[in-house]
Amino acid sequence: VQLQASGGGLVQAGESLRVSCAHSMSTWEVNVMGWYRQAPGKERELVASITRGGTTNYADSVKGRFTISRDNTKNTVSLEMNSLKPEDTAVYYCNVRSIYGTGFWGQGTQVTVSS
């Protein structure tokens, strides 16, 4: 299974950004898709996830600002990030987990928010 992340970049605080991830897993095999992030010197943390049933989950720090979505016709999962803050700066990774419990990671995309 291959995952290819796109988007990311450098923005100023308060601006918006969208990251997307295309995966090659068959739609029927997908269980949960998510976005994680890792800032320098910190552990990787879950930002948002969406289940095959459409249930979403967000880290408290991004609730109300970030929205995760998926497009089963394009095999993509996206993260719309609004009102970005400097503390959102990190490498963002997409993850897709199959119904068998196997998880796969994308290569990561840098998001930098300047103050």
# chains A, B, ... in the order shown; residues from 1 in each chain; ligands from 1
$ residues_around --residues "A:Val77" --least-positions-apart "2" --cutoff "6 Å" --atoms "only C-alpha atoms" --output "list in words"
Ser20, Cys21, Ser69 and Arg70 of chain A
$ residues_around --residues "stretch 81-92 of chain A" --least-positions-apart "2" --cutoff "8 Å" --atoms "only C-alpha atoms" --output "PyMOL selection string"
chain A and resi 12-18+35-40+65-67+79+94+108-115
$ closest_residue --among "A:Asn31, A:Thr73, A:Asn95, A:Ser26" --to "A:Thr55" --atoms "only C-alpha atoms"
A:Asn31
$ atom_distance --atom1 "atom CA of A:Asp60" --atom2 "atom CA of A:Gly41"
20.3 Å
$ select_by_dssp --residues "stretch 2-115 of chain A" --states "strand (DSSP E)" --output "ChimeraX atom specification"
/A:3-7,9-12,17-23,30-38,45-51,56-58,66-71,76-81,90-98,103-105,109-114
$ atom_distance --atom1 "atom CA of A:Ser78" --atom2 "atom CA of A:Lys42"
23.1 Å
$ atom_distance --atom1 "atom CA of A:Gly64" --atom2 "atom CA of A:Ser98"
27.5 Å
$ residues_around --residues "A:His23" --least-positions-apart "5" --cutoff "7 Å" --atoms "only C-alpha atoms" --output "ChimeraX atom specification"
/A:2-4,75-76
$ write_last_selection --atoms "N, CA, C and O atoms" --output "mmCIF file, in the first residue's frame"
data_model
loop_
_atom_site.group_PDB
_atom_site.id
_atom_site.type_symbol
_atom_site.label_atom_id
_atom_site.label_comp_id
_atom_site.auth_asym_id
_atom_site.auth_seq_id
_atom_site.Cartn_x
_atom_site.Cartn_y
_atom_site.Cartn_z
ATOM 1 N N GLN A 2 0.574 2.180 -0.862
ATOM 2 C CA GLN A 2 1.350 3.408 -0.950
ATOM 3 C C GLN A 2 0.487 4.604 -0.589
ATOM 4 O O GLN A 2 -0.699 4.637 -0.915
ATOM 5 N N LEU A 3 1.079 5.531 0.106
ATOM 6 C CA LEU A 3 0.413 6.763 0.479
ATOM 7 C C LEU A 3 1.257 7.937 0.001
ATOM 8 O O LEU A 3 2.471 7.942 0.186
ATOM 9 N N GLN A 4 0.622 8.916 -0.607
ATOM 10 C CA GLN A 4 1.329 10.087 -1.116
ATOM 11 C C GLN A 4 0.660 11.340 -0.593
ATOM 12 O O GLN A 4 -0.475 11.648 -0.954
ATOM 13 N N ASN A 75 -9.921 7.845 -3.340
ATOM 14 C CA ASN A 75 -9.019 7.228 -2.362
ATOM 15 C C ASN A 75 -8.127 8.266 -1.701
ATOM 16 O O ASN A 75 -6.899 8.122 -1.659
ATOM 17 N N THR A 76 -8.748 9.316 -1.209
ATOM 18 C CA THR A 76 -7.981 10.367 -0.549
ATOM 19 C C THR A 76 -8.568 10.704 0.820
ATOM 20 O O THR A 76 -9.761 10.497 1.067
#
$ residues_around --residues "A:Arg97" --least-positions-apart "3" --cutoff "6 Å" --atoms "only C-alpha atoms" --output "number ranges by chain"
A: 31-32, 102-103
$ closest_residue --among "A:Val1, A:Met33, A:Tyr58, A:Gln107" --to "A:Glu45" --atoms "only C-alpha atoms"
A:Tyr58
$ decode --residues "stretch 44-59 of chain A" --atoms "N, CA, C and O atoms" --output "compact mmCIF listing (two decimals), in the first residue's frame"
# COMPACT_ATOMS: atom_id res chain seq x y z
N ARG A 44 5.12 11.98 18.03
CA ARG A 44 4.06 12.06 17.03
C ARG A 44 2.71 11.96 17.74
O ARG A 44 2.52 11.11 18.63
N GLU A 45 1.77 12.81 17.33
CA GLU A 45 0.46 12.83 17.97
C GLU A 45 -0.64 12.78 16.94
O GLU A 45 -0.48 13.25 15.81
N LEU A 46 -1.76 12.22 17.34
CA LEU A 46 -2.92 12.17 16.48
C LEU A 46 -3.56 13.56 16.40
O LEU A 46 -3.80 14.20 17.41
N VAL A 47 -3.82 13.99 15.17
CA VAL A 47 -4.50 15.27 14.95
C VAL A 47 -5.99 15.04 14.70
O VAL A 47 -6.83 15.68 15.33
N ALA A 48 -6.29 14.14 13.79
CA ALA A 48 -7.68 13.87 13.45
C ALA A 48 -7.78 12.51 12.78
O ALA A 48 -6.82 12.05 12.14
N SER A 49 -8.93 11.88 12.92
CA SER A 49 -9.15 10.59 12.27
C SER A 49 -10.59 10.50 11.80
O SER A 49 -11.47 11.22 12.30
N ILE A 50 -10.82 9.60 10.84
CA ILE A 50 -12.16 9.37 10.33
C ILE A 50 -12.31 7.89 10.05
O ILE A 50 -11.44 7.27 9.43
N THR A 51 -13.38 7.31 10.55
CA THR A 51 -13.60 5.88 10.39
C THR A 51 -14.33 5.57 9.09
O THR A 51 -14.82 6.48 8.41
N ARG A 52 -14.43 4.31 8.76
CA ARG A 52 -15.13 3.92 7.54
C ARG A 52 -16.60 4.30 7.62
O ARG A 52 -17.26 4.46 6.59
N GLY A 53 -17.10 4.45 8.83
CA GLY A 53 -18.48 4.87 9.00
C GLY A 53 -18.65 6.38 9.02
O GLY A 53 -19.78 6.88 9.10
N GLY A 54 -17.55 7.10 8.92
CA GLY A 54 -17.64 8.56 8.85
C GLY A 54 -17.49 9.26 10.20
O GLY A 54 -17.58 10.49 10.27
N THR A 55 -17.26 8.50 11.26
CA THR A 55 -17.08 9.13 12.57
C THR A 55 -15.71 9.81 12.64
O THR A 55 -14.70 9.21 12.31
N THR A 56 -15.73 11.05 13.07
CA THR A 56 -14.48 11.81 13.15
C THR A 56 -14.06 12.01 14.61
O THR A 56 -14.88 12.01 15.52
N ASN A 57 -12.75 12.19 14.76
CA ASN A 57 -12.19 12.43 16.08
C ASN A 57 -11.08 13.45 15.93
O ASN A 57 -10.29 13.39 14.96
N TYR A 58 -11.01 14.40 16.85
CA TYR A 58 -10.02 15.46 16.76
C TYR A 58 -9.27 15.63 18.07
O TYR A 58 -9.84 15.45 19.16
N ALA A 59 -8.02 16.01 17.97
CA ALA A 59 -7.28 16.41 19.16
C ALA A 59 -7.91 17.69 19.69
O ALA A 59 -8.40 18.53 18.93
